[in-house]
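Here's the structure, in structure tokens; my notes come after.
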Number of protein chains: 2
Amino acid sequence: MNLGDLGEFGVIDRIARAARRKGVPRHVVIGVGDDAAVLRPRRGEDLVTSTDAMVEGAHFRWSSMSPRTLGRRALVANLSDLAAMGARPLGFVCALAAPACTPLARIDGLVAGLLSEAERYSCPLVGGNLAAARETVVTITVLGAVEPGRALRRSGARPGDRLYVTGVLGAAALEVARAEGGGRVRRVAVPRLEAGRALARLPGIGGCIDVSDGLASDLSHLLEHAPLHAKIDVGALPRPGRFDAACRRAGLDPERLLLAGGEDYELLFTARPSLATGRIERALGVRVTSIGAIARGRGKGRLAAGGWRHF
Amino acid sequence: MNLGDLGEFGVIDRIARAARRKGVPRHVVIGVGDDAAVLRPRRGEDLVTSTDAMVEGAHFRWSSMSPRTLGRRALVANLSDLAAMGARPLGFVCALAAPACTPLARIDGLVAGLLSEAERYSCPLVGGNLAAARETVVTITVLGAVEPGRALRRSGARPGDRLYVTGVLGAAALEVARAEGGGRVRRVAVPRLEAGRALARLPGIGGCIDVSDGLASDLSHLLEHAPLHAKIDVGALPRPGRFDAACRRAGLDPERLLLAGGEDYELLFTARPSLATGRIERALGVRVTSIGAIARGRGKGRLAAGGWRHF
């Protein structure tokens with residue numbers, strides 16, 4: 001049985017039933033099945049939204065990722081954007097474009113993956129779209145809410161700020177690099193939703209972004225609003241246990257993975273120097289590491305070897 | 001110059017600048033360029049959202065539609081879903097998947113089309129995503145707001161209700177059918193946003209849906225929540241002037257286009273019989289036509305010839 005056999009409305013009905021089995025939270029006034037979904041934020045909250053697509057061949061391969069893992073990763077990528085704004089999730093919509101010959105089991109797995117993360121983070125599926133296409137594209141738009149005026153911005157960094165990252169970097173990139181040699185991608189990151197909400201309430205936080213494209217790339221977005229650069233202590237970059245040795249065994253450069261590897265979905269943020277690391281860590285409830293500082297002026301290119309790098 | 005030459009961030013920057021040139025309404029707290037957009041509805045409003053994709057080959061062909069028309073039609077399809085809920089637009093996000101060889105002029109045209117309708121209906125572009133793909137997929141998610149508890153539902157129809165449609169049907173389907181013989185699709189429907197908001201305030205309205213897939217198909221969605229059927233007076237279906245003659249000249253069956261033709265984006269709704277047609281028309285400010293009635297029990301199939309049809 002494939003997508004084409006069941007037809008558009010048959011598949012939509014199947015997905016809608018799976019979503020309803022997960023239960024409908026009270027703030028969902030109208031969920032799957034109408035012209036649009038209706039959600040009820042708390043009075044006065046700001047509305048937060050972000051969209052992200054996973055394209056077959058570009059972002060995933062069916063040969064190295066199960067449909068369930070794809071679904072989980074697709075939602076987490078979007079939830080991480082809410083985390084980077086300090087928002088709480090309200091729900092998401094999913095537009096799926098896929099060939100008519102797609103096995104129904106693949107759709108079921110994808111939906112099961114989406115719904116499992118949806119349940120975990122209280123972010124129900126409230127609507128979607130299904131279209132025939134030559135390759136699979138999963139486009140998710142997530143909706144969230146934040147206390148008015150409290151959303152974290154990318155553009156808040158100032159000279160003198162310390163630069164921090166939550167958790168550890170590099171694990172996602174190491175797994176993806178290994179999968180290119182024939183392995184499977186199984187890891188699903190944890191979006192830093194609680195930490196993001198705590199950051200949004202903490203006075204003295206500068207800019208914030210999630211590490212989706214890689215530290216170097218995402219750091220550049222954190223600095224592009226003003227003539228700023230960052231000095232990074234590459235040796236201080238937090239990494240999983242035995243990471244450097246595992247990279248070398250796989251013939252990979254640990255520094256390159258730490259700086260350029262994406263999909264860790266940790267939060268990268270700056271804080272005024274008056275805000276102690278211990279206080280941030282207690283407020284966020286996760287490990288945070290000071291990895292450098294923000295300084296005035298545009299960066300002057302990268303240093304060739306390890307140690308401090310300028311961006 | 002094509003999409004691949006300018007690169008992901010170059011193209012995003014180009015689109016973001018085009019969006020900012022249109023001005024940023026006050027309710028947009030954070031627009032294009034952060035991890036997510038932040039919008040501020042009025043206090044207590046419910047949030048409305050819908051997503052819809054246009055896939056190359058399935059929903060449009062570059063040979064018969066200009067990029068600008070594609071952009072305009074893509075946003076209108078989504079705005080029409082807000083109209084069917086009685087919601088006002090707040091903004092939209094656009095996920096674009098396209099081949100690297102796509103000419104930049106095509107992207108510019110698409111964006112110009114999106115932004116022209118965005119301006120017309122006060123629905124600014126607030127975010128998006130760009131990905132490389134083998135074929136073009138334009139996925140839009142629109143966000144709107146409605147007074148709490150006032151959203152129009154598909155499921156409100158009751159036995160005895162009169163069935164109404166705004167405007168006229170068939171024009172979009174006639175143009176698309178003609179384009180299959182080598183013509184161009186140029187028509188862009190008007191989403192019934194004002195009419196939808198007026199309907200949401202009017203007491204005695206039953207169910208509401210927009211005519212996107214065609215009258216027969218969308219009517220079936222209006223009736224699926226309960227054992228109901230509709231008696232349609234096919235002769236009463238509102239159509240453009242000289243429509244039947246134009247269909248026959250093109251070798252098309254006018255009844256088929258009126259019943260099965262999609263993309264008119266008129267509102268199809270039911271009202272209690274106590275609500276006079278004149279009162280509805282005055283409240284909505286557009287022509288509305290009573291095209292039939294809702295009755296108890298499942299439909300018994302369609303009549304072969306014209307006249308009344310049961311669904």
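Ligands are numbered from 1 in the order shown, residues from 1 within each chain, and chains are lettered A, B, ... in the order they appear in the structure tokens.
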Once DSSP has gone over the backbone, tell me which residues of range 117-275 of chain A are in helix (DSSP H, G or I), as a compact mmCIF listing (two decimals) with all heavy atoms, in the first residue's frame.
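Printed below is part_33.txt as written:
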```txt
# COMPACT_ATOMS: atom_id res chain seq x y z
N GLU A 117 7.65 13.42 19.32
CA GLU A 117 8.29 14.65 19.83
C GLU A 117 7.22 15.70 20.18
O GLU A 117 7.40 16.48 21.12
CB GLU A 117 9.27 15.22 18.79
CG GLU A 117 10.45 14.32 18.48
CD GLU A 117 11.31 13.99 19.70
OE1 GLU A 117 11.83 14.92 20.33
OE2 GLU A 117 11.44 12.80 20.01
N ALA A 118 6.14 15.71 19.41
CA ALA A 118 5.04 16.65 19.67
C ALA A 118 4.49 16.44 21.08
O ALA A 118 4.23 17.39 21.82
CB ALA A 118 3.94 16.47 18.64
N GLU A 119 4.33 15.18 21.45
CA GLU A 119 3.81 14.84 22.77
C GLU A 119 4.81 15.22 23.86
O GLU A 119 4.46 15.82 24.88
CB GLU A 119 3.53 13.33 22.81
CG GLU A 119 2.70 12.91 23.99
CD GLU A 119 2.25 11.45 23.85
OE1 GLU A 119 2.95 10.66 23.18
OE2 GLU A 119 1.20 11.12 24.42
N ARG A 120 6.09 14.90 23.61
CA ARG A 120 7.14 15.17 24.59
C ARG A 120 7.23 16.66 24.93
O ARG A 120 7.47 17.02 26.06
CB ARG A 120 8.48 14.70 24.01
CG ARG A 120 9.65 14.78 24.97
CD ARG A 120 10.88 14.12 24.37
NE ARG A 120 10.53 12.85 23.74
CZ ARG A 120 11.29 11.76 23.72
NH1 ARG A 120 12.47 11.81 24.28
NH2 ARG A 120 10.90 10.68 23.14
N ARG A 154 18.54 37.70 18.07
CA ARG A 154 19.91 37.46 17.65
C ARG A 154 20.77 38.71 17.88
O ARG A 154 21.98 38.60 18.07
CB ARG A 154 19.96 37.14 16.15
CG ARG A 154 19.42 35.77 15.81
CD ARG A 154 19.56 35.52 14.32
NE ARG A 154 19.14 34.16 13.97
CZ ARG A 154 19.17 33.67 12.74
NH1 ARG A 154 19.56 34.44 11.73
NH2 ARG A 154 18.79 32.43 12.50
N SER A 155 20.12 39.86 17.83
CA SER A 155 20.87 41.11 17.72
C SER A 155 21.21 41.79 19.04
O SER A 155 21.52 42.97 19.06
CB SER A 155 20.06 42.08 16.86
OG SER A 155 18.80 42.30 17.47
N GLY A 156 21.17 41.08 20.15
CA GLY A 156 21.39 41.75 21.44
C GLY A 156 22.83 41.79 21.93
O GLY A 156 23.11 42.39 22.98
N ALA A 171 28.48 16.27 18.55
CA ALA A 171 27.97 14.88 18.53
C ALA A 171 27.15 14.62 17.26
O ALA A 171 27.31 13.57 16.62
CB ALA A 171 27.12 14.63 19.77
N ALA A 172 26.30 15.56 16.87
CA ALA A 172 25.44 15.36 15.70
C ALA A 172 26.30 15.26 14.43
O ALA A 172 26.08 14.39 13.59
CB ALA A 172 24.45 16.51 15.57
N ALA A 173 27.30 16.14 14.31
CA ALA A 173 28.15 16.14 13.11
C ALA A 173 28.97 14.86 13.01
O ALA A 173 29.17 14.33 11.91
CB ALA A 173 29.07 17.37 13.14
N LEU A 174 29.43 14.36 14.17
CA LEU A 174 30.22 13.13 14.16
C LEU A 174 29.36 11.96 13.66
O LEU A 174 29.79 11.16 12.82
CB LEU A 174 30.75 12.84 15.57
CG LEU A 174 31.52 11.52 15.76
CD1 LEU A 174 32.71 11.42 14.81
CD2 LEU A 174 32.00 11.38 17.21
N GLU A 175 28.12 11.89 14.12
CA GLU A 175 27.24 10.80 13.69
C GLU A 175 26.93 10.90 12.19
O GLU A 175 26.95 9.90 11.48
CB GLU A 175 25.94 10.79 14.50
CG GLU A 175 25.18 9.49 14.31
CD GLU A 175 23.75 9.53 14.82
OE1 GLU A 175 23.13 10.61 14.76
OE2 GLU A 175 23.26 8.48 15.25
N VAL A 176 26.65 12.12 11.72
CA VAL A 176 26.33 12.30 10.29
C VAL A 176 27.55 11.93 9.43
O VAL A 176 27.42 11.26 8.41
CB VAL A 176 25.86 13.75 10.02
CG1 VAL A 176 25.82 14.06 8.53
CG2 VAL A 176 24.48 13.98 10.64
N ALA A 177 28.75 12.35 9.87
CA ALA A 177 29.97 12.04 9.12
C ALA A 177 30.19 10.53 9.06
O ALA A 177 30.56 9.98 8.01
CB ALA A 177 31.17 12.72 9.76
N ARG A 178 29.92 9.84 10.17
CA ARG A 178 30.06 8.38 10.18
C ARG A 178 29.02 7.73 9.27
O ARG A 178 29.30 6.72 8.62
CB ARG A 178 29.87 7.84 11.60
CG ARG A 178 31.10 7.98 12.48
CD ARG A 178 30.72 7.67 13.90
NE ARG A 178 31.85 7.42 14.75
CZ ARG A 178 31.76 7.31 16.08
NH1 ARG A 178 30.58 7.46 16.68
NH2 ARG A 178 32.83 7.09 16.80
N ALA A 179 27.80 8.30 9.22
CA ALA A 179 26.73 7.72 8.39
C ALA A 179 27.09 7.79 6.91
O ALA A 179 26.64 6.97 6.11
CB ALA A 179 25.41 8.44 8.65
N LEU A 193 14.22 24.03 25.12
CA LEU A 193 13.05 24.86 25.37
C LEU A 193 13.04 25.46 26.78
O LEU A 193 12.82 26.66 26.95
CB LEU A 193 11.78 24.05 25.13
CG LEU A 193 11.49 23.79 23.63
CD1 LEU A 193 10.54 22.62 23.45
CD2 LEU A 193 10.92 25.04 22.98
N GLU A 194 13.30 24.63 27.80
CA GLU A 194 13.27 25.15 29.18
C GLU A 194 14.40 26.16 29.39
O GLU A 194 14.20 27.21 29.99
CB GLU A 194 13.40 24.00 30.17
CG GLU A 194 12.16 23.12 30.28
CD GLU A 194 10.91 23.93 30.61
OE1 GLU A 194 10.99 24.83 31.46
OE2 GLU A 194 9.86 23.66 30.00
N ALA A 195 15.58 25.83 28.86
CA ALA A 195 16.72 26.74 29.01
C ALA A 195 16.43 28.07 28.30
O ALA A 195 16.75 29.15 28.82
CB ALA A 195 17.99 26.09 28.45
N GLY A 196 15.82 28.01 27.13
CA GLY A 196 15.49 29.23 26.38
C GLY A 196 14.51 30.11 27.15
O GLY A 196 14.67 31.33 27.23
N ARG A 197 13.50 29.48 27.75
CA ARG A 197 12.52 30.25 28.52
C ARG A 197 13.17 30.90 29.73
O ARG A 197 12.86 32.03 30.11
CB ARG A 197 11.34 29.38 28.92
CG ARG A 197 10.53 28.94 27.70
CD ARG A 197 9.43 28.00 28.07
NE ARG A 197 8.40 28.67 28.84
CZ ARG A 197 7.35 28.06 29.37
NH1 ARG A 197 7.22 26.75 29.23
NH2 ARG A 197 6.44 28.73 30.04
N ALA A 198 14.10 30.15 30.36
CA ALA A 198 14.80 30.71 31.52
C ALA A 198 15.70 31.88 31.08
O ALA A 198 15.76 32.90 31.77
CB ALA A 198 15.63 29.62 32.19
N LEU A 199 16.35 31.75 29.94
CA LEU A 199 17.20 32.83 29.41
C LEU A 199 16.37 34.10 29.17
O LEU A 199 16.82 35.21 29.45
CB LEU A 199 17.83 32.43 28.08
CG LEU A 199 19.17 31.70 28.08
CD1 LEU A 199 19.61 31.43 26.65
CD2 LEU A 199 20.25 32.51 28.81
N ALA A 200 15.16 33.91 28.62
CA ALA A 200 14.31 35.06 28.30
C ALA A 200 13.91 35.83 29.57
O ALA A 200 13.60 37.01 29.51
CB ALA A 200 13.07 34.60 27.54
N ARG A 201 13.91 35.14 30.73
CA ARG A 201 13.52 35.79 31.99
C ARG A 201 14.72 36.38 32.73
O ARG A 201 14.54 37.12 33.69
CB ARG A 201 12.82 34.76 32.90
CG ARG A 201 11.42 34.39 32.45
CD ARG A 201 10.71 33.55 33.50
NE ARG A 201 11.34 32.25 33.67
CZ ARG A 201 10.92 31.10 33.13
NH1 ARG A 201 9.83 31.10 32.38
NH2 ARG A 201 11.55 29.99 33.33
N LEU A 215 28.60 26.12 14.74
CA LEU A 215 28.97 27.24 15.61
C LEU A 215 29.46 28.45 14.82
O LEU A 215 29.01 29.58 15.06
CB LEU A 215 30.07 26.77 16.58
CG LEU A 215 30.57 27.82 17.57
CD1 LEU A 215 29.46 28.21 18.54
CD2 LEU A 215 31.78 27.30 18.34
N ALA A 216 30.38 28.24 13.87
CA ALA A 216 30.98 29.38 13.15
C ALA A 216 29.91 30.14 12.37
O ALA A 216 29.84 31.37 12.41
CB ALA A 216 32.08 28.89 12.22
N SER A 217 29.05 29.40 11.67
CA SER A 217 28.02 30.02 10.86
C SER A 217 26.99 30.74 11.73
O SER A 217 26.61 31.89 11.48
CB SER A 217 27.35 28.94 10.01
OG SER A 217 26.26 29.46 9.32
N ASP A 218 26.53 30.08 12.78
CA ASP A 218 25.51 30.68 13.63
C ASP A 218 26.07 31.86 14.42
O ASP A 218 25.37 32.84 14.66
CB ASP A 218 24.88 29.61 14.53
CG ASP A 218 24.08 28.60 13.71
OD1 ASP A 218 23.33 29.04 12.81
OD2 ASP A 218 24.23 27.39 13.93
N LEU A 219 27.34 31.77 14.82
CA LEU A 219 27.98 32.89 15.50
C LEU A 219 28.01 34.13 14.59
O LEU A 219 27.79 35.25 15.06
CB LEU A 219 29.41 32.49 15.92
CG LEU A 219 30.24 33.56 16.61
CD1 LEU A 219 29.54 34.09 17.87
CD2 LEU A 219 31.62 32.99 16.99
N SER A 220 28.25 33.90 13.30
CA SER A 220 28.29 35.05 12.38
C SER A 220 26.93 35.76 12.35
O SER A 220 26.85 36.98 12.23
CB SER A 220 28.72 34.62 10.98
OG SER A 220 27.68 33.94 10.33
N HIS A 221 25.82 35.01 12.49
CA HIS A 221 24.50 35.65 12.53
C HIS A 221 24.30 36.45 13.81
O HIS A 221 23.59 37.45 13.83
CB HIS A 221 23.39 34.59 12.44
CG HIS A 221 23.38 33.86 11.14
ND1 HIS A 221 23.39 34.50 9.93
CD2 HIS A 221 23.38 32.54 10.86
CE1 HIS A 221 23.38 33.61 8.96
NE2 HIS A 221 23.39 32.42 9.49
N LEU A 222 24.94 35.99 14.88
CA LEU A 222 24.83 36.66 16.17
C LEU A 222 25.59 38.00 16.18
O LEU A 222 25.36 38.85 17.03
CB LEU A 222 25.42 35.73 17.25
CG LEU A 222 24.90 35.78 18.67
CD1 LEU A 222 23.39 35.56 18.73
CD2 LEU A 222 25.59 34.72 19.53
N LEU A 223 26.49 38.16 15.20
CA LEU A 223 27.37 39.33 15.19
C LEU A 223 27.07 40.28 14.04
O LEU A 223 27.70 41.33 13.93
CB LEU A 223 28.83 38.86 15.09
CG LEU A 223 29.33 37.94 16.20
CD1 LEU A 223 30.73 37.44 15.89
CD2 LEU A 223 29.29 38.62 17.55
N VAL A 234 38.97 27.77 21.30
CA VAL A 234 38.59 26.49 20.70
C VAL A 234 38.82 25.33 21.68
O VAL A 234 38.04 24.38 21.73
CB VAL A 234 39.35 26.26 19.37
CG1 VAL A 234 39.00 24.89 18.78
CG2 VAL A 234 39.00 27.35 18.37
N GLY A 235 39.87 25.45 22.48
CA GLY A 235 40.14 24.40 23.47
C GLY A 235 39.03 24.28 24.50
O GLY A 235 38.83 23.21 25.08
N ALA A 236 38.30 25.38 24.72
CA ALA A 236 37.25 25.38 25.75
C ALA A 236 35.91 24.89 25.21
O ALA A 236 34.95 24.74 25.98
CB ALA A 236 37.08 26.78 26.31
N PHE A 243 35.50 12.58 22.69
CA PHE A 243 35.11 13.07 21.36
C PHE A 243 36.31 13.15 20.42
O PHE A 243 36.26 12.66 19.28
CB PHE A 243 34.45 14.44 21.50
CG PHE A 243 34.06 15.08 20.19
CD1 PHE A 243 32.94 14.65 19.50
CD2 PHE A 243 34.80 16.14 19.66
CE1 PHE A 243 32.56 15.25 18.31
CE2 PHE A 243 34.43 16.74 18.47
CZ PHE A 243 33.30 16.30 17.80
N ASP A 244 37.42 13.76 20.91
CA ASP A 244 38.59 13.96 20.04
C ASP A 244 39.13 12.63 19.54
O ASP A 244 39.44 12.47 18.34
CB ASP A 244 39.68 14.75 20.77
CG ASP A 244 39.26 16.20 21.02
OD1 ASP A 244 38.03 16.45 21.08
OD2 ASP A 244 40.14 17.07 21.15
N ALA A 245 39.22 11.64 20.43
CA ALA A 245 39.73 10.32 20.05
C ALA A 245 38.80 9.65 19.03
O ALA A 245 39.26 9.07 18.04
CB ALA A 245 39.87 9.44 21.30
N ALA A 246 37.47 9.77 19.25
CA ALA A 246 36.50 9.16 18.33
C ALA A 246 36.60 9.79 16.94
O ALA A 246 36.52 9.10 15.92
CB ALA A 246 35.08 9.32 18.89
N CYS A 247 36.81 11.11 16.91
CA CYS A 247 36.97 11.80 15.62
C CYS A 247 38.20 11.27 14.90
O CYS A 247 38.15 10.94 13.71
CB CYS A 247 37.11 13.30 15.83
SG CYS A 247 35.58 14.11 16.30
N ARG A 248 39.31 11.17 15.63
CA ARG A 248 40.57 10.77 14.98
C ARG A 248 40.47 9.34 14.45
O ARG A 248 40.97 9.05 13.38
CB ARG A 248 41.73 10.94 15.96
CG ARG A 248 42.01 12.42 16.21
CD ARG A 248 43.39 12.77 16.67
NE ARG A 248 43.38 14.20 17.06
CZ ARG A 248 43.11 14.64 18.29
NH1 ARG A 248 42.90 13.79 19.29
NH2 ARG A 248 43.09 15.94 18.53
N ARG A 249 39.80 8.46 15.23
CA ARG A 249 39.62 7.09 14.76
C ARG A 249 38.83 7.07 13.44
O ARG A 249 39.06 6.24 12.58
CB ARG A 249 38.85 6.25 15.80
CG ARG A 249 39.74 5.55 16.82
CD ARG A 249 39.01 4.40 17.52
NE ARG A 249 37.73 4.82 18.09
CZ ARG A 249 37.59 5.42 19.28
NH1 ARG A 249 38.64 5.66 20.03
NH2 ARG A 249 36.40 5.77 19.73
N PRO A 254 38.55 16.94 14.90
CA PRO A 254 37.58 17.34 15.94
C PRO A 254 37.27 18.84 15.93
O PRO A 254 36.12 19.24 16.11
CB PRO A 254 38.26 16.91 17.25
CG PRO A 254 39.67 16.56 16.92
CD PRO A 254 39.74 16.27 15.46
N GLU A 255 38.30 19.66 15.70
CA GLU A 255 38.06 21.12 15.69
C GLU A 255 37.09 21.52 14.59
O GLU A 255 36.24 22.38 14.77
CB GLU A 255 39.38 21.86 15.47
CG GLU A 255 40.08 22.16 16.76
CD GLU A 255 41.17 23.22 16.58
OE1 GLU A 255 41.20 23.90 15.53
OE2 GLU A 255 41.99 23.35 17.49
N ARG A 256 37.26 20.89 13.42
CA ARG A 256 36.37 21.22 12.30
C ARG A 256 34.92 20.86 12.65
O ARG A 256 33.99 21.61 12.38
CB ARG A 256 36.82 20.49 11.03
CG ARG A 256 36.43 21.21 9.73
CD ARG A 256 36.60 20.33 8.51
NE ARG A 256 35.72 19.16 8.55
CZ ARG A 256 34.41 19.17 8.24
NH1 ARG A 256 33.85 20.30 7.85
NH2 ARG A 256 33.69 18.07 8.33
N LEU A 257 34.73 19.70 13.26
CA LEU A 257 33.37 19.29 13.64
C LEU A 257 32.79 20.22 14.70
O LEU A 257 31.61 20.56 14.67
CB LEU A 257 33.36 17.85 14.15
CG LEU A 257 33.61 16.74 13.14
CD1 LEU A 257 33.23 15.38 13.73
CD2 LEU A 257 32.84 16.95 11.85
N LEU A 258 33.61 20.63 15.65
CA LEU A 258 33.13 21.51 16.72
C LEU A 258 32.73 22.88 16.18
O LEU A 258 31.77 23.48 16.63
CB LEU A 258 34.22 21.69 17.79
CG LEU A 258 34.47 20.47 18.68
CD1 LEU A 258 35.77 20.64 19.45
CD2 LEU A 258 33.30 20.26 19.63
N LEU A 259 33.49 23.37 15.19
CA LEU A 259 33.24 24.71 14.67
C LEU A 259 32.22 24.73 13.54
O LEU A 259 31.46 25.68 13.39
CB LEU A 259 34.56 25.34 14.17
CG LEU A 259 35.55 25.72 15.27
CD1 LEU A 259 36.91 26.04 14.66
CD2 LEU A 259 35.02 26.92 16.06
N ALA A 260 32.21 23.67 12.72
CA ALA A 260 31.37 23.71 11.52
C ALA A 260 30.21 22.72 11.56
O ALA A 260 29.31 22.78 10.73
CB ALA A 260 32.23 23.43 10.28
```
Provide as a PyMOL selection string the residues of chain B at most 6 Å from chain A, counting only C-alpha atoms. chain B and resi 35-40+43-44+46-52+81+128-129
Using only all heavy atoms, please write the residues we just selected to a file, as a short mmCIF file (atom, residue, chain, number, x, y, z; two decimals), in the first residue's frame.
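The new file part.cif reads:
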```
data_model
loop_
_atom_site.label_atom_id
_atom_site.label_comp_id
_atom_site.auth_asym_id
_atom_site.auth_seq_id
_atom_site.Cartn_x
_atom_site.Cartn_y
_atom_site.Cartn_z
N ASP B 35 15.66 33.91 14.52
CA ASP B 35 15.38 32.48 14.52
C ASP B 35 13.89 32.22 14.28
O ASP B 35 13.51 31.17 13.75
CB ASP B 35 15.78 31.85 15.87
CG ASP B 35 17.28 31.85 16.03
OD1 ASP B 35 17.96 31.26 15.19
OD2 ASP B 35 17.78 32.47 16.99
N ALA B 36 13.07 33.17 14.66
CA ALA B 36 11.63 33.05 14.47
C ALA B 36 11.07 34.47 14.42
O ALA B 36 11.74 35.42 14.82
CB ALA B 36 11.00 32.26 15.61
N ALA B 37 9.86 34.60 13.92
CA ALA B 37 9.19 35.89 13.91
C ALA B 37 8.34 36.03 15.16
O ALA B 37 7.90 35.03 15.73
CB ALA B 37 8.30 36.01 12.69
N VAL B 38 8.12 37.26 15.60
CA VAL B 38 7.26 37.51 16.76
C VAL B 38 6.18 38.50 16.33
O VAL B 38 6.47 39.58 15.82
CB VAL B 38 8.07 38.07 17.95
CG1 VAL B 38 7.14 38.37 19.13
CG2 VAL B 38 9.16 37.09 18.36
N LEU B 39 4.93 38.10 16.52
CA LEU B 39 3.78 38.91 16.15
C LEU B 39 2.96 39.19 17.39
O LEU B 39 2.92 38.37 18.31
CB LEU B 39 2.91 38.15 15.13
CG LEU B 39 3.61 37.73 13.84
CD1 LEU B 39 2.71 36.83 13.01
CD2 LEU B 39 4.01 38.95 13.04
N ARG B 40 2.31 40.34 17.41
CA ARG B 40 1.51 40.71 18.58
C ARG B 40 0.04 40.85 18.21
O ARG B 40 -0.37 41.87 17.66
CB ARG B 40 2.03 42.02 19.17
CG ARG B 40 1.35 42.42 20.48
CD ARG B 40 2.19 43.45 21.21
NE ARG B 40 3.44 42.86 21.67
CZ ARG B 40 4.50 43.57 22.09
NH1 ARG B 40 4.46 44.88 22.09
NH2 ARG B 40 5.58 42.95 22.50
N ARG B 43 -5.05 41.75 22.53
CA ARG B 43 -5.20 40.96 23.77
C ARG B 43 -6.41 40.05 23.69
O ARG B 43 -7.50 40.49 23.35
CB ARG B 43 -5.37 41.88 24.97
CG ARG B 43 -4.09 42.44 25.52
CD ARG B 43 -4.35 43.24 26.77
NE ARG B 43 -4.51 42.39 27.94
CZ ARG B 43 -3.48 41.89 28.63
NH1 ARG B 43 -2.24 42.15 28.27
NH2 ARG B 43 -3.70 41.13 29.67
N GLY B 44 -6.20 38.78 23.97
CA GLY B 44 -7.32 37.84 24.06
C GLY B 44 -7.73 37.21 22.75
O GLY B 44 -8.58 36.32 22.74
N ASP B 46 -7.85 34.83 19.52
CA ASP B 46 -7.40 33.48 19.17
C ASP B 46 -6.49 33.59 17.95
O ASP B 46 -6.64 34.49 17.12
CB ASP B 46 -8.60 32.58 18.84
CG ASP B 46 -9.33 32.09 20.08
OD1 ASP B 46 -8.77 32.22 21.18
OD2 ASP B 46 -10.45 31.60 19.94
N LEU B 47 -5.57 32.62 17.87
CA LEU B 47 -4.60 32.57 16.80
C LEU B 47 -5.05 31.54 15.76
O LEU B 47 -5.47 30.44 16.12
CB LEU B 47 -3.27 32.16 17.44
CG LEU B 47 -2.21 31.55 16.57
CD1 LEU B 47 -1.74 32.58 15.58
CD2 LEU B 47 -1.07 31.10 17.46
N VAL B 48 -5.01 31.91 14.48
CA VAL B 48 -5.48 31.04 13.40
C VAL B 48 -4.32 30.75 12.45
O VAL B 48 -3.57 31.67 12.10
CB VAL B 48 -6.64 31.72 12.64
CG1 VAL B 48 -7.18 30.80 11.55
CG2 VAL B 48 -7.74 32.13 13.60
N THR B 49 -4.15 29.49 12.04
CA THR B 49 -3.04 29.17 11.14
C THR B 49 -3.41 28.07 10.15
O THR B 49 -4.19 27.18 10.46
CB THR B 49 -1.78 28.76 11.93
OG1 THR B 49 -0.68 28.65 11.02
CG2 THR B 49 -1.96 27.42 12.63
N SER B 50 -2.85 28.19 8.96
CA SER B 50 -3.09 27.20 7.91
C SER B 50 -1.87 27.13 7.01
O SER B 50 -1.16 28.11 6.83
CB SER B 50 -4.31 27.61 7.10
OG SER B 50 -4.56 26.68 6.08
N THR B 51 -1.60 25.95 6.44
CA THR B 51 -0.45 25.79 5.56
C THR B 51 -0.88 25.16 4.24
O THR B 51 -1.81 24.35 4.21
CB THR B 51 0.66 24.95 6.25
OG1 THR B 51 1.86 25.04 5.50
CG2 THR B 51 0.27 23.49 6.37
N ASP B 52 -0.21 25.54 3.16
CA ASP B 52 -0.60 25.09 1.83
C ASP B 52 0.64 25.12 0.93
O ASP B 52 1.45 26.03 1.03
CB ASP B 52 -1.66 26.04 1.28
CG ASP B 52 -2.49 25.41 0.18
OD1 ASP B 52 -2.79 24.22 0.26
OD2 ASP B 52 -2.81 26.13 -0.78
N ASP B 81 -8.05 30.60 3.33
CA ASP B 81 -8.31 29.75 4.51
C ASP B 81 -8.57 30.61 5.75
O ASP B 81 -9.40 30.24 6.59
CB ASP B 81 -7.13 28.79 4.75
CG ASP B 81 -7.14 27.63 3.76
OD1 ASP B 81 -8.23 27.10 3.48
OD2 ASP B 81 -6.06 27.26 3.29
N GLY B 128 10.96 32.70 6.73
CA GLY B 128 10.95 31.71 5.66
C GLY B 128 12.11 30.76 5.76
O GLY B 128 12.87 30.75 6.72
N ASN B 129 12.20 29.94 4.73
CA ASN B 129 13.26 28.95 4.66
C ASN B 129 13.57 28.72 3.18
O ASN B 129 12.69 28.79 2.34
CB ASN B 129 12.77 27.64 5.30
CG ASN B 129 13.87 26.61 5.43
OD1 ASN B 129 14.72 26.72 6.31
ND2 ASN B 129 13.88 25.62 4.56
#
```
Could you list, as a ChimeraX atom specification, every residue within 7 Å of range 4-13 of chain A, counting only C-alpha atoms and ignoring same-chain residues fewer than 3 positions away? /A:1,16-17,100-101,130
Output the selection as a short mmCIF file (atom, residue, chain, number, x, y, z; two decimals), in the first residue's frame - C-alpha atoms for each residue.
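New file selection.cif:
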```cif
data_model
loop_
_atom_site.label_atom_id
_atom_site.label_comp_id
_atom_site.auth_asym_id
_atom_site.auth_seq_id
_atom_site.Cartn_x
_atom_site.Cartn_y
_atom_site.Cartn_z
CA MET A 1 0.00 0.00 0.00
CA ALA A 16 -5.59 13.26 11.62
CA ARG A 17 -6.70 10.13 13.49
CA ALA A 100 2.63 8.80 -4.97
CA CYS A 101 4.73 5.62 -4.78
CA LEU A 130 -0.38 16.83 1.46
#
```
